[in-house]
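**Q** Below you'll find structure-v6.txt; it's compact mmCIF, C-alpha atoms.
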```txt
# COMPACT_ATOMS: atom_id res chain seq x y z
CA MET A 29 40.57 3.53 36.94
CA ASN A 30 40.09 6.11 34.20
CA ILE A 31 36.58 7.49 33.78
CA ASP A 32 36.07 10.12 31.10
CA ASP A 33 35.19 13.61 32.25
CA GLU A 34 31.53 13.46 31.26
CA VAL A 35 30.83 10.20 33.09
CA ALA A 36 32.87 11.42 36.06
CA LEU A 37 30.53 14.41 36.29
CA TYR A 38 27.48 12.13 36.22
CA LEU A 39 28.98 10.09 39.04
CA ALA A 40 29.93 13.13 41.11
CA THR A 41 26.44 14.55 40.68
CA ALA A 42 24.81 11.30 41.80
CA GLN A 43 27.11 11.09 44.82
CA GLU A 44 26.42 14.70 45.79
CA ALA A 45 22.68 14.21 45.39
CA ALA A 46 22.73 11.01 47.45
CA ARG A 47 24.68 12.59 50.30
CA ARG A 48 22.40 15.63 50.28
CA ALA A 49 19.28 13.45 50.33
CA GLY A 50 20.72 11.27 53.10
CA ALA A 51 21.42 14.30 55.25
CA ILE A 52 17.82 15.41 54.79
CA LEU A 53 16.52 12.00 55.84
CA GLU A 54 18.59 12.07 58.99
CA SER A 55 17.53 15.63 59.81
CA TRP A 56 13.88 14.58 59.58
CA ALA A 57 14.33 11.38 61.56
CA GLY A 58 12.16 11.22 64.64
CA ARG A 59 10.14 14.36 63.84
CA PHE A 60 8.29 13.61 60.59
CA THR A 61 4.57 12.98 60.25
CA VAL A 62 3.42 9.66 58.88
CA SER A 63 0.43 8.73 56.75
CA GLU A 64 -0.62 5.29 55.51
CA LYS A 65 -0.64 4.84 51.73
CA SER A 66 -1.45 1.16 52.11
CA ARG A 67 -0.87 -1.43 54.78
CA PHE A 68 2.78 -1.52 55.88
CA ASN A 69 3.66 1.05 53.21
CA LEU A 70 4.38 4.30 55.01
CA VAL A 71 5.04 7.59 53.28
CA THR A 72 6.81 10.45 55.00
CA GLU A 73 7.40 14.08 54.34
CA ALA A 74 11.09 13.25 54.55
CA ASP A 75 10.71 11.04 51.47
CA LEU A 76 9.42 13.96 49.39
CA ALA A 77 12.05 16.35 50.72
CA SER A 78 14.76 13.84 49.84
CA GLN A 79 13.41 13.41 46.32
CA HIS A 80 13.22 17.17 45.78
CA ALA A 81 16.88 17.52 46.77
CA ILE A 82 17.97 14.82 44.32
CA VAL A 83 16.01 16.24 41.39
CA GLU A 84 17.20 19.77 42.12
CA THR A 85 20.85 18.70 42.30
CA VAL A 86 20.67 16.80 39.02
CA LYS A 87 18.63 19.41 37.14
CA ASN A 88 21.09 22.14 38.07
CA ARG A 89 23.71 20.33 35.97
CA PHE A 90 21.65 18.35 33.47
CA PRO A 91 18.39 20.20 32.83
CA ASP A 92 17.61 18.15 29.71
CA HIS A 93 17.67 14.75 31.43
CA GLY A 94 14.57 12.78 32.35
CA PHE A 95 13.55 11.25 35.70
CA LEU A 96 11.71 8.24 37.05
CA GLY A 97 11.10 7.97 40.79
CA GLU A 98 8.95 6.50 43.50
CA GLU A 99 6.85 9.47 44.61
CA GLY A 100 4.95 10.01 41.38
CA LEU A 101 8.05 11.19 39.54
CA SER A 102 7.94 10.61 35.80
CA GLN A 103 9.48 13.38 33.73
CA PRO A 104 10.62 12.70 30.16
CA GLY A 105 13.63 14.85 29.41
CA ARG A 106 14.33 16.89 26.32
CA ASN A 107 17.29 14.57 25.82
CA PRO A 108 15.68 11.11 25.64
CA GLU A 109 19.02 9.32 25.88
CA PHE A 110 19.38 9.98 29.63
CA ARG A 111 17.06 8.97 32.47
CA TRP A 112 17.74 9.21 36.20
CA ILE A 113 16.02 6.45 38.21
CA ILE A 114 15.80 7.45 41.87
CA ASP A 115 14.46 6.17 45.15
CA PRO A 116 14.79 8.95 47.75
CA LEU A 117 14.12 6.55 50.61
CA ASP A 118 14.39 2.82 50.08
CA GLY A 119 13.31 1.06 53.25
CA THR A 120 10.59 3.46 54.39
CA SER A 121 9.12 1.21 57.08
CA ASN A 122 12.60 0.66 58.54
CA TYR A 123 13.13 4.43 58.56
CA VAL A 124 9.80 5.11 60.26
CA HIS A 125 10.62 2.65 63.02
CA ARG A 126 14.24 3.85 63.31
CA PHE A 127 15.62 0.50 62.20
CA PRO A 128 18.92 1.51 60.59
CA TYR A 129 18.60 -0.28 57.26
CA TYR A 130 17.50 2.22 54.62
CA ALA A 131 19.18 4.14 51.85
CA VAL A 132 19.05 6.61 48.98
CA SER A 133 19.33 5.01 45.54
CA ILE A 134 20.23 6.87 42.33
CA ALA A 135 20.94 5.39 38.90
CA LEU A 136 21.54 6.93 35.50
CA GLU A 137 20.49 5.18 32.31
CA HIS A 138 22.02 6.05 28.95
CA ARG A 139 20.14 4.76 25.91
CA GLY A 140 18.40 2.19 28.12
CA ASP A 141 21.58 0.80 29.70
CA LEU A 142 22.62 1.47 33.28
CA LEU A 143 25.65 3.74 33.32
CA VAL A 144 26.05 4.99 36.90
CA GLY A 145 24.68 3.68 40.20
CA VAL A 146 24.97 5.17 43.68
CA ILE A 147 23.48 3.90 46.95
CA TYR A 148 24.03 5.86 50.16
CA ASP A 149 23.38 4.58 53.68
CA PRO A 150 23.23 7.72 55.86
CA THR A 151 23.24 5.77 59.12
CA ARG A 152 26.68 4.27 58.41
CA HIS A 153 27.98 6.93 56.02
CA GLU A 154 28.53 4.21 53.45
CA LEU A 155 28.55 5.34 49.83
CA PHE A 156 28.34 2.49 47.33
CA TRP A 157 28.87 3.35 43.68
CA ALA A 158 29.53 1.80 40.30
CA VAL A 159 30.21 2.91 36.75
CA ARG A 160 29.59 0.53 33.86
CA GLY A 161 32.85 -1.11 32.89
CA HIS A 162 34.79 0.42 35.79
CA GLY A 163 33.87 -1.70 38.82
CA ALA A 164 31.99 -1.19 42.08
CA PHE A 165 33.23 0.59 45.19
CA LEU A 166 32.37 1.36 48.81
CA ASN A 167 33.86 4.61 50.10
CA GLY A 168 36.57 4.21 47.47
CA ARG A 169 37.35 0.55 48.20
CA PRO A 170 36.85 -1.96 45.34
CA LEU A 171 34.08 -4.50 45.88
CA ARG A 172 33.80 -8.18 44.98
CA THR A 173 31.05 -10.69 45.57
CA THR A 174 31.44 -13.75 47.78
CA GLU A 175 32.72 -17.18 46.73
CA SER A 176 29.93 -19.25 48.29
CA GLU A 177 29.04 -22.10 45.94
CA THR A 178 25.91 -23.71 47.43
CA LEU A 179 22.71 -22.58 49.13
CA ALA A 180 23.59 -24.75 52.11
CA THR A 181 26.49 -22.38 52.86
CA SER A 182 24.82 -19.14 51.75
CA PHE A 183 23.25 -16.11 53.40
CA VAL A 184 20.20 -15.22 51.30
CA VAL A 185 17.74 -12.31 51.53
CA ALA A 186 14.25 -11.88 50.10
CA SER A 187 11.68 -9.15 49.62
CA LEU A 188 8.00 -9.98 50.05
CA PRO A 189 5.07 -8.00 48.62
CA VAL A 190 3.31 -5.35 50.70
CA ALA A 191 0.44 -6.88 52.74
CA VAL A 192 1.41 -10.38 51.63
CA THR A 193 -1.06 -13.12 52.60
CA ALA A 194 -0.51 -16.76 53.51
CA GLY A 195 -1.56 -18.07 50.11
CA ASP A 196 0.71 -15.80 48.11
CA PRO A 197 3.26 -17.63 45.90
CA ALA A 198 5.94 -15.40 47.43
CA ILE A 199 5.42 -17.19 50.75
CA ASP A 200 5.81 -20.58 49.11
CA ARG A 201 9.08 -19.46 47.52
CA PHE A 202 10.32 -18.13 50.85
CA LEU A 203 9.60 -21.42 52.63
CA LYS A 204 11.33 -23.45 49.91
CA VAL A 205 14.52 -21.41 50.19
CA LEU A 206 14.28 -21.34 54.00
CA GLN A 207 14.77 -25.11 54.03
CA ALA A 208 17.71 -25.02 51.60
CA ALA A 209 19.80 -21.99 52.62
CA GLN A 210 22.12 -21.64 55.57
CA ALA A 211 20.33 -18.40 56.50
CA LEU A 212 17.37 -16.52 55.00
CA GLN A 213 16.30 -13.01 56.00
CA ARG A 214 13.82 -10.31 55.02
CA THR A 215 15.38 -6.90 55.60
CA GLY A 216 13.18 -4.23 54.00
CA SER A 217 15.58 -2.45 51.64
CA ALA A 218 16.13 -3.83 48.14
CA ALA A 219 18.79 -1.23 47.39
CA LEU A 220 20.94 -2.16 50.39
CA ASN A 221 20.41 -5.87 49.77
CA LEU A 222 21.91 -5.46 46.30
CA ALA A 223 24.70 -3.24 47.60
CA TYR A 224 25.51 -5.84 50.23
CA ILE A 225 25.78 -8.59 47.61
CA ALA A 226 28.25 -6.41 45.73
CA ALA A 227 30.16 -5.85 48.97
CA GLY A 228 30.35 -9.56 49.78
CA ARG A 229 28.08 -9.30 52.83
CA MET A 230 25.31 -11.44 51.34
CA ASP A 231 25.34 -14.22 48.78
CA ALA A 232 22.00 -13.78 47.00
CA TYR A 233 18.73 -11.84 46.97
CA TRP A 234 15.41 -12.16 45.19
CA SER A 235 12.08 -10.43 44.84
CA GLY A 236 9.04 -10.64 42.62
CA SER A 237 7.53 -7.28 43.54
CA LEU A 238 9.98 -4.45 42.90
CA LYS A 239 9.91 -1.23 40.89
CA ALA A 240 12.70 0.10 38.71
CA TRP A 241 13.78 2.65 41.33
CA ASP A 242 14.16 -0.07 43.98
CA MET A 243 16.82 -1.92 42.05
CA ALA A 244 18.40 0.07 39.20
CA ALA A 245 21.47 1.33 41.06
CA GLY A 246 21.95 -1.95 42.90
CA VAL A 247 21.82 -3.99 39.72
CA LEU A 248 24.81 -2.11 38.33
CA LEU A 249 26.68 -2.53 41.62
CA VAL A 250 26.19 -6.30 41.59
CA ARG A 251 27.22 -6.64 37.96
CA GLU A 252 30.33 -4.53 38.39
CA ALA A 253 31.34 -6.48 41.52
CA GLY A 254 31.29 -9.75 39.60
CA GLY A 255 27.78 -10.91 40.42
CA ARG A 256 24.88 -11.99 38.27
CA ILE A 257 21.42 -10.53 37.71
CA THR A 258 18.48 -12.33 36.04
CA ALA A 259 14.73 -12.68 36.33
CA LEU A 260 13.58 -15.28 38.87
CA ASN A 261 13.39 -17.98 36.20
CA GLY A 262 16.91 -17.27 34.99
CA THR A 263 15.94 -15.34 31.86
CA ALA A 264 17.24 -11.87 31.00
CA PHE A 265 16.63 -9.17 33.57
CA ASP A 266 14.46 -6.17 32.68
CA VAL A 267 14.44 -3.18 35.06
CA GLU A 268 10.83 -2.45 34.07
CA ARG A 269 9.66 -5.87 35.32
CA PRO A 270 9.10 -6.60 39.03
CA ASP A 271 11.17 -9.76 39.49
CA ILE A 272 14.87 -10.07 40.12
CA LEU A 273 17.36 -12.70 41.19
CA ALA A 274 20.77 -11.37 42.20
CA SER A 275 23.71 -13.44 43.35
CA ASN A 276 27.47 -13.71 43.60
CA GLY A 277 27.39 -15.33 40.15
CA ARG A 278 28.26 -18.81 41.38
CA PRO A 279 26.19 -22.04 41.10
CA ILE A 280 23.82 -20.88 43.84
CA HIS A 281 22.20 -18.72 41.17
CA GLU A 282 20.92 -21.74 39.26
CA GLU A 283 20.05 -23.52 42.50
CA LEU A 284 17.93 -20.59 43.63
CA SER A 285 16.33 -20.10 40.24
CA GLY A 286 15.22 -23.71 40.26
CA LEU A 287 13.46 -23.22 43.59
CA LEU A 288 11.93 -19.87 42.66
CA SER A 289 10.68 -20.65 39.14
```
Let me see the structure of the file written as structure tokens.
**A**
Amino acid sequence: MNIDDEVALYLATAQEAARRAGAILESWAGRFTVSEKSRFNLVTEADLASQHAIVETVKNRFPDHGFLGEEGLSQPGRNPEFRWIIDPLDGTSNYVHRFPYYAVSIALEHRGDLLVGVIYDPTRHELFWAVRGHGAFLNGRPLRTTESETLATSFVVASLPVAVTAGDPAIDRFLKVLQAAQALQRTGSAALNLAYIAAGRMDAYWSGSLKAWDMAAGVLLVREAGGRITALNGTAFDVERPDILASNGRPIHEELSGLLS
């Protein structure tokens, strides 16, 4: 794989920032203070410390680039062609309860297209990364999606909205897929769900309530590993819209879209 020097520097910076942020999360684990932003949506001081480390690492090398992030981060850069989309802690509730399924997610957009994506799981020291046109990798090993063809043989994951109620359409979608899939889970980290599809650990994932920082890096991973990304109804995906359907790219994508639309 030959990546030009400029893109290689973007990737190295994202990897360094992700590792640094992950180390901060682990150093805070078990001793942070917690406040409620909304029901089931916990914010920690660790989250802010992680975000600061990412922004600092990137700005040291690319001071003209812009940023979009979860904790109120929206900084247009002097160079409008580049935007870093970051989630310093994806899976906050899992982190708070010491359930080891959370990650740091960092993506770089160039002229509106995803160029680099990095997702780091500090509990397993797993670094997922992708560069547009150059594939997806886990700790240096190439990734490919699964070959599952039908929902009846597939392991599927969903995200549900915060404080979801019984009458929410998201619950109806969940129950429909529950009856059709071999297994259906709700895990609490969109970034890792997407990384796991790229790694062949899951077959498909959907959500109707995400933000750009939840999914940007993972979208590139799935695409580069041979998977498919659309909106829930099968139309073109837009990182600025809240719905996503990700899969291994096989017929289960259409099968799922039919149930979710």
**Q** Wanna dump the segment 113-204 of chain A-segment 244-266 of chain A contacts at 10 Å for me, each residue with its shortest atom pair and the distance in Å to one decimal, counting all atoms listed in the file, ordered by chain and number, as JSON lines?
**A**
```
{"residue": "A:Ile113", "atom": "CA", "partner": "A:Ala244", "partner_atom": "CA", "distance": 6.9}
{"residue": "A:Ile114", "atom": "CA", "partner": "A:Ala244", "partner_atom": "CA", "distance": 8.3}
{"residue": "A:Asp115", "atom": "CA", "partner": "A:Ala244", "partner_atom": "CA", "distance": 9.4}
{"residue": "A:Val132", "atom": "CA", "partner": "A:Ala245", "partner_atom": "CA", "distance": 9.8}
{"residue": "A:Ser133", "atom": "CA", "partner": "A:Ala245", "partner_atom": "CA", "distance": 6.2}
{"residue": "A:Ile134", "atom": "CA", "partner": "A:Ala245", "partner_atom": "CA", "distance": 5.8}
{"residue": "A:Ala135", "atom": "CA", "partner": "A:Ala245", "partner_atom": "CA", "distance": 4.6}
{"residue": "A:Leu136", "atom": "CA", "partner": "A:Ala245", "partner_atom": "CA", "distance": 7.9}
{"residue": "A:Glu137", "atom": "CA", "partner": "A:Ala244", "partner_atom": "CA", "distance": 8.8}
{"residue": "A:Asp141", "atom": "CA", "partner": "A:Leu248", "partner_atom": "CA", "distance": 9.7}
{"residue": "A:Leu142", "atom": "CA", "partner": "A:Leu248", "partner_atom": "CA", "distance": 6.6}
{"residue": "A:Leu143", "atom": "CA", "partner": "A:Leu248", "partner_atom": "CA", "distance": 7.7}
{"residue": "A:Val144", "atom": "CA", "partner": "A:Ala245", "partner_atom": "CA", "distance": 7.2}
{"residue": "A:Gly145", "atom": "CA", "partner": "A:Ala245", "partner_atom": "CA", "distance": 4.1}
{"residue": "A:Val146", "atom": "CA", "partner": "A:Ala245", "partner_atom": "CA", "distance": 5.8}
{"residue": "A:Ile147", "atom": "CA", "partner": "A:Ala245", "partner_atom": "CA", "distance": 6.7}
{"residue": "A:Phe156", "atom": "CA", "partner": "A:Leu249", "partner_atom": "CA", "distance": 7.8}
{"residue": "A:Trp157", "atom": "CA", "partner": "A:Leu249", "partner_atom": "CA", "distance": 6.6}
{"residue": "A:Ala158", "atom": "CA", "partner": "A:Leu249", "partner_atom": "CA", "distance": 5.3}
{"residue": "A:Val159", "atom": "CA", "partner": "A:Leu248", "partner_atom": "CA", "distance": 7.5}
{"residue": "A:Arg160", "atom": "CA", "partner": "A:Glu252", "partner_atom": "CA", "distance": 6.8}
{"residue": "A:Gly161", "atom": "CA", "partner": "A:Glu252", "partner_atom": "CA", "distance": 6.9}
{"residue": "A:His162", "atom": "CA", "partner": "A:Glu252", "partner_atom": "CA", "distance": 7.2}
{"residue": "A:Gly163", "atom": "CA", "partner": "A:Glu252", "partner_atom": "CA", "distance": 4.6}
{"residue": "A:Ala164", "atom": "CA", "partner": "A:Glu252", "partner_atom": "CA", "distance": 5.2}
{"residue": "A:Phe165", "atom": "CA", "partner": "A:Leu249", "partner_atom": "CA", "distance": 8.1}
{"residue": "A:Leu166", "atom": "CA", "partner": "A:Leu249", "partner_atom": "CA", "distance": 10.0}
{"residue": "A:Pro170", "atom": "CA", "partner": "A:Ala253", "partner_atom": "CA", "distance": 8.1}
{"residue": "A:Leu171", "atom": "CA", "partner": "A:Ala253", "partner_atom": "CA", "distance": 5.5}
{"residue": "A:Arg172", "atom": "CA", "partner": "A:Ala253", "partner_atom": "CA", "distance": 4.6}
{"residue": "A:Thr173", "atom": "CA", "partner": "A:Ala253", "partner_atom": "CA", "distance": 5.8}
{"residue": "A:Thr174", "atom": "CA", "partner": "A:Gly255", "partner_atom": "CA", "distance": 8.7}
```
**Q** At what distance in Å, to one decimal, does atom CA of Ile82 of chain A lie from atom CA of Arg269 of chain A?
**A**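 We find that atom CA of Arg269 of chain A and atom CA of Ile82 of chain A lie 24.0 Å from each other.
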**Q** Would you please work out which residue, of A:Lys204, A:Glu268, A:Gly286, A:His281, is nearest to Tyr233 of chain A when using only C-alpha atoms?
**A**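 The shortest atom-to-atom distance to Tyr233 of chain A comes from A:His281.
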**Q** Determine the nearest neighbour of Ala180 of chain A from the options A:Ile52, A:Ala194, A:Leu284, A:Ile199, counting all atoms listed in the file.
**A** A:Leu284
**Q** May I ask which of the residues A:Arg169, A:Val267, A:Gly236, A:Pro128 is the closest one to Leu220 of chain A, counting only C-alpha atoms?
**A** A:Pro128
**Q** Taking into account all atoms listed in the file, which residue in the set A:Gln210, A:Gln43, A:Thr151, A:Ser102 is nearest to Ala57 of chain A?
**A**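 Going through A:Gln210, A:Gln43, A:Thr151, A:Ser102 one by one, the smallest distance to Ala57 of chain A is for A:Thr151.
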**Q** Tell me which of A:Ala208, A:Pro108, A:Ser237, A:Arg152 sits closest to Leu188 of chain A, counting all atoms listed in the file.
**A**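 Counting all atoms listed in the file, the residue closest to Leu188 of chain A is A:Ser237.
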**Q** In Å, rounded to a single decimal, give me how far atom CA of Ala218 of chain A is from atom CA of Tyr130 of chain A.
**A**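 So the answer is 9.0 Å.
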**Q** Taking all atoms listed in the file into account, name the residue in A:Ala77, A:Pro150, A:Ala186, A:Glu109 that is nearest to Arg47 of chain A.
**A** A:Pro150
**Q** What is the atom CA of Pro116 of chain A-atom CA of Ala49 of chain A distance in Å, reported with one decimal?
**A** 6.9 Å
**Q** Counting all atoms listed in the file, I want the residues whose atoms come within 10 Å of (26.4, -22.0, 51.8) in the file frame, returned as a list in words.
**A**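 Residues with an atom at most 10 Å from (26.4, -22.0, 51.8): Glu175, Ser176, Glu177, Thr178, Leu179, Ala180, Thr181, Ser182, Phe183, Val184, Ala208, Ala209, Gln210, Ala211, Asp231 and Ile280 of chain A.
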**Q** Just write segment 238-256 of chain A with N, CA and C atoms, as a PDB file, in the first residue's frame, taken from the block above.
**A**
```pdb
ATOM      1  N   LEU A 238     -28.071   9.406  14.990  1.00  0.00           N
ATOM      2  CA  LEU A 238     -26.646   9.659  15.203  1.00  0.00           C
ATOM      3  C   LEU A 238     -26.254  11.075  14.788  1.00  0.00           C
ATOM      4  N   LYS A 239     -25.074  11.481  15.223  1.00  0.00           N
ATOM      5  CA  LYS A 239     -24.435  12.721  14.799  1.00  0.00           C
ATOM      6  C   LYS A 239     -23.240  12.375  13.924  1.00  0.00           C
ATOM      7  N   ALA A 240     -22.744  13.366  13.212  1.00  0.00           N
ATOM      8  CA  ALA A 240     -21.623  13.128  12.300  1.00  0.00           C
ATOM      9  C   ALA A 240     -20.439  12.503  13.007  1.00  0.00           C
ATOM     10  N   TRP A 241     -20.135  12.984  14.224  1.00  0.00           N
ATOM     11  CA  TRP A 241     -18.947  12.474  14.931  1.00  0.00           C
ATOM     12  C   TRP A 241     -19.107  11.037  15.398  1.00  0.00           C
ATOM     13  N   ASP A 242     -20.344  10.552  15.515  1.00  0.00           N
ATOM     14  CA  ASP A 242     -20.561   9.158  15.916  1.00  0.00           C
ATOM     15  C   ASP A 242     -20.137   8.183  14.822  1.00  0.00           C
ATOM     16  N   MET A 243     -20.221   8.619  13.567  1.00  0.00           N
ATOM     17  CA  MET A 243     -20.132   7.653  12.480  1.00  0.00           C
ATOM     18  C   MET A 243     -19.121   7.959  11.390  1.00  0.00           C
ATOM     19  N   ALA A 244     -18.551   9.149  11.349  1.00  0.00           N
ATOM     20  CA  ALA A 244     -17.706   9.526  10.211  1.00  0.00           C
ATOM     21  C   ALA A 244     -16.551   8.556   9.992  1.00  0.00           C
ATOM     22  N   ALA A 245     -15.761   8.308  11.022  1.00  0.00           N
ATOM     23  CA  ALA A 245     -14.608   7.415  10.870  1.00  0.00           C
ATOM     24  C   ALA A 245     -15.050   6.000  10.526  1.00  0.00           C
ATOM     25  N   GLY A 246     -16.107   5.528  11.176  1.00  0.00           N
ATOM     26  CA  GLY A 246     -16.585   4.175  10.934  1.00  0.00           C
ATOM     27  C   GLY A 246     -17.131   3.968   9.546  1.00  0.00           C
ATOM     28  N   VAL A 247     -17.749   4.989   8.989  1.00  0.00           N
ATOM     29  CA  VAL A 247     -18.269   4.897   7.618  1.00  0.00           C
ATOM     30  C   VAL A 247     -17.133   4.597   6.645  1.00  0.00           C
ATOM     31  N   LEU A 248     -16.023   5.306   6.782  1.00  0.00           N
ATOM     32  CA  LEU A 248     -14.890   5.054   5.884  1.00  0.00           C
ATOM     33  C   LEU A 248     -14.332   3.652   6.091  1.00  0.00           C
ATOM     34  N   LEU A 249     -14.267   3.194   7.325  1.00  0.00           N
ATOM     35  CA  LEU A 249     -13.794   1.836   7.604  1.00  0.00           C
ATOM     36  C   LEU A 249     -14.645   0.794   6.880  1.00  0.00           C
ATOM     37  N   VAL A 250     -15.966   0.931   7.004  1.00  0.00           N
ATOM     38  CA  VAL A 250     -16.862  -0.044   6.378  1.00  0.00           C
ATOM     39  C   VAL A 250     -16.698  -0.030   4.862  1.00  0.00           C
ATOM     40  N   ARG A 251     -16.680   1.146   4.291  1.00  0.00           N
ATOM     41  CA  ARG A 251     -16.526   1.242   2.832  1.00  0.00           C
ATOM     42  C   ARG A 251     -15.228   0.610   2.363  1.00  0.00           C
ATOM     43  N   GLU A 252     -14.146   0.912   3.055  1.00  0.00           N
ATOM     44  CA  GLU A 252     -12.838   0.422   2.625  1.00  0.00           C
ATOM     45  C   GLU A 252     -12.661  -1.070   2.881  1.00  0.00           C
ATOM     46  N   ALA A 253     -13.499  -1.642   3.750  1.00  0.00           N
ATOM     47  CA  ALA A 253     -13.440  -3.087   4.014  1.00  0.00           C
ATOM     48  C   ALA A 253     -14.375  -3.872   3.104  1.00  0.00           C
ATOM     49  N   GLY A 254     -15.037  -3.176   2.185  1.00  0.00           N
ATOM     50  CA  GLY A 254     -15.910  -3.858   1.237  1.00  0.00           C
ATOM     51  C   GLY A 254     -17.374  -3.813   1.569  1.00  0.00           C
ATOM     52  N   GLY A 255     -17.745  -3.056   2.608  1.00  0.00           N
ATOM     53  CA  GLY A 255     -19.141  -2.971   3.004  1.00  0.00           C
ATOM     54  C   GLY A 255     -19.895  -1.867   2.301  1.00  0.00           C
ATOM     55  N   ARG A 256     -21.112  -1.653   2.742  1.00  0.00           N
ATOM     56  CA  ARG A 256     -21.996  -0.683   2.102  1.00  0.00           C
ATOM     57  C   ARG A 256     -22.615   0.224   3.153  1.00  0.00           C
TER      58      ARG A 256
END
```
